[in-house]
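Written below as structure tokens is the structure these notes are about.
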Amino acid sequence: MSHVDFQDDTVYSVKNGKFPAPNPDSKVAARLAQCKAEGRAALIGYLPVGYPSVDESIAAAIEMGKNGVDIIELGLPYSDPVMDGPVIQRATVEAIAKGFRTDDIFRAVREITAATNAVVVVMTYWNPVLRRGVDRFAQELAAAGGSGIITPDLVPDEAADWFVASEKYGLDRIFLASISSSTERLHIISKASSGFVYAVSVMGVTGARASVSDAAGTLVADLRSAGAPAACVGLGVSKREHVEEIGAYADGVIVGTALVKALTEGGPAAVGVLTRELAGK
């Protein structure tokens with residue numbers, strides 16, 4: 001936690017109820033609005049950089065961007081991925097073992113944004129950002145063409161430095177909300193977030209499931225009531241039926257484990273095939 005979180009005169013903090021204004025140049029918000037105008041939810045796809053190699057992970061993400069994914073989440077491999085299920089854990093452990101470095105994430109963002117029109121954000125646990133330096137990480141991400149960061153283990157109460165850096169470099173802050181979050185927490189998360197709130201539709205770690213939690217619809221409605229900029233649902237999506245079901249009420253549908261499995265079994269080409277299926281193409 002940053003020391004500034006404890007100071008009453010902090011510019012932005014949960015304690016004083018002050019948060020940065022919504023990002024006026026948000027590529028994430030613009031893409032979500034575009035999808036809404038087209039009468040559909042955004043399709044958001046996740047892959048970790050570095051698995052099975054940096055080059056293949058970039059190629060797979062480009063396949064997503066060219067075959068129907070609107071927003072790409074690039075995972076930064078981390079040694080203690082507490083939120084991730086076994087498929088993603090295995091992939092990130094292998095990426096680290098093969099020599100993944102944080103510089104690779106910025107290379108991936110540059111190459112993917114150059115090759116596709118997908119909006120690219122990074123999903124990362126907070127320790128790698130702290131090690132890099134919050135301001136430096138934000139600056140390098142923005143320079144590479146990235147649009148924001150999804151922070152599964154960073155809560156708004158501990159994000160004072162991130163509030164400042166994200167506003168400085170025009171990046172979106174995508175916090176998580178779960179079905180167990182209180183009404184008060186949903187209001188805080190909604191005010192602190194920009195672009196969208198990542199709505200965790202099931203309890204537990206990530207992983208493809210045969211069905212999607214019915215609680216997701218309630219969580220999305222509660223987030224909208226709390227003033228969230230948008231609500232995108234993840235954890236458990238693996239087939240087109242899930243995308244259609246969730247897309248009926250959410251602003252975006254997030255797919256991760258199913259895409260990583262496709263990459264494992266068939267390489268980047270298989271990721272493109274699954275993406276087209278998920279997008280209904």
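Scheme for the structure tokens: letters A, B, ... for chains in order shown; per-chain residue numbers from 1; ligand numbers from 1 in order shown.
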
* Write out as number ranges by chain all residues of region 78-227 of chain A that backbone DSSP assigns to helix (DSSP H, G or I). => A: 86-97, 102-115, 126-132, 134-144, 156-158, 160-169, 183-192, 215-225

* **Who sits within 9 Å of Pro52 (chain A), only C-alpha atoms, same chain under 3 positions skipped, as a count of residues only** => 12

Env of region 127-134 of chain A: 9 Å cut, atoms = only C-alpha atoms, seq-sep filter 5 positions within chain, self excluded. Answer as a short mmCIF file (atom, residue, chain, number, x, y, z; two decimals) with N, CA, C and O atoms, in the first residue's frame.
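part_14.cif, written as the output of this step:
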data_model
loop_
_atom_site.label_atom_id
_atom_site.label_comp_id
_atom_site.auth_asym_id
_atom_site.auth_seq_id
_atom_site.Cartn_x
_atom_site.Cartn_y
_atom_site.Cartn_z
N LEU A 76 0.08 -10.60 -17.99
CA LEU A 76 1.49 -10.52 -17.62
C LEU A 76 1.78 -11.67 -16.67
O LEU A 76 1.28 -11.68 -15.54
N TYR A 78 2.84 -14.11 -13.85
CA TYR A 78 3.24 -13.79 -12.48
C TYR A 78 3.40 -15.08 -11.71
O TYR A 78 2.67 -16.06 -11.94
N THR A 102 9.17 -8.48 -18.37
CA THR A 102 8.14 -7.45 -18.47
C THR A 102 8.24 -6.67 -19.77
O THR A 102 7.21 -6.25 -20.34
N GLN A 139 3.65 4.81 -18.20
CA GLN A 139 4.24 5.55 -19.32
C GLN A 139 4.60 4.62 -20.47
O GLN A 139 4.29 4.90 -21.64
N ASP A 161 -1.44 5.79 -6.12
CA ASP A 161 -0.40 6.03 -7.13
C ASP A 161 -0.92 5.71 -8.53
O ASP A 161 -0.57 6.39 -9.51
N TRP A 162 -1.72 4.67 -8.63
CA TRP A 162 -2.28 4.27 -9.93
C TRP A 162 -3.30 5.30 -10.43
O TRP A 162 -3.36 5.59 -11.63
N ALA A 165 -1.10 8.04 -11.96
CA ALA A 165 -0.41 7.63 -13.19
C ALA A 165 -1.39 7.38 -14.33
O ALA A 165 -1.13 7.74 -15.48
#

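Atom pair CA of Arg173 (chain A) / CA of Gly280 (chain A): separated by 29.1 Å.
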
* strand (DSSP E or B) residues, from DSSP on the backbone, in region 27-214 of chain A, as a ChimeraX atom specification -> /A:42-48,71-75,119-123,148-150,172-174,176-178,197-200

* To do: Excluding region 225-233 of chain A and any residue of its chain fewer than 6 positions from it, enumerate the residues within 7 Å of it, using only C-alpha atoms, and give them as JSON, numbers by chain.
  => {"A": [186, 187, 190, 191, 194, 195, 196, 197, 198, 199, 200, 201, 250, 251, 252, 253, 254]}

* Asked: Given the choices A:Ile88, A:Ala97, A:Ala30, A:Val69, which gets closest to Ser147 (chain A) if the distance is worked out from only C-alpha atoms?
  -> A:Ala30

* Nearby residues (only C-alpha atoms) at most 9 Å from Tyr169 (chain A), same-chain spacing under 6 positions excluded, as a ChimeraX atom specification -> /A:135,138-139,141-143

* Mind checking which residues fall within 12 Å of Ser178 (chain A), counting only C-alpha atoms, ignoring those fewer than 3 positions away in the same chain, and posting them as a PyMOL selection string? => chain A and resi 152+175+181-183+185-186+189+197-205+213+215-220+222-223+231-235

* **Pick from A:Phe19, A:Tyr249, A:Phe137, A:Tyr51 nearest to Gln89 (chain A), counting only C-alpha atoms** =>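 Closest residue, counting only C-alpha atoms: A:Tyr51.
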
* Choose the residue, out of A:Lys281, A:Lys27, A:Lys261, A:Arg224, that has the smallest atom-to-atom separation from Arg240 (chain A); count only C-alpha atoms. =>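 Result for the nearest residue to Arg240 (chain A): A:Lys281.
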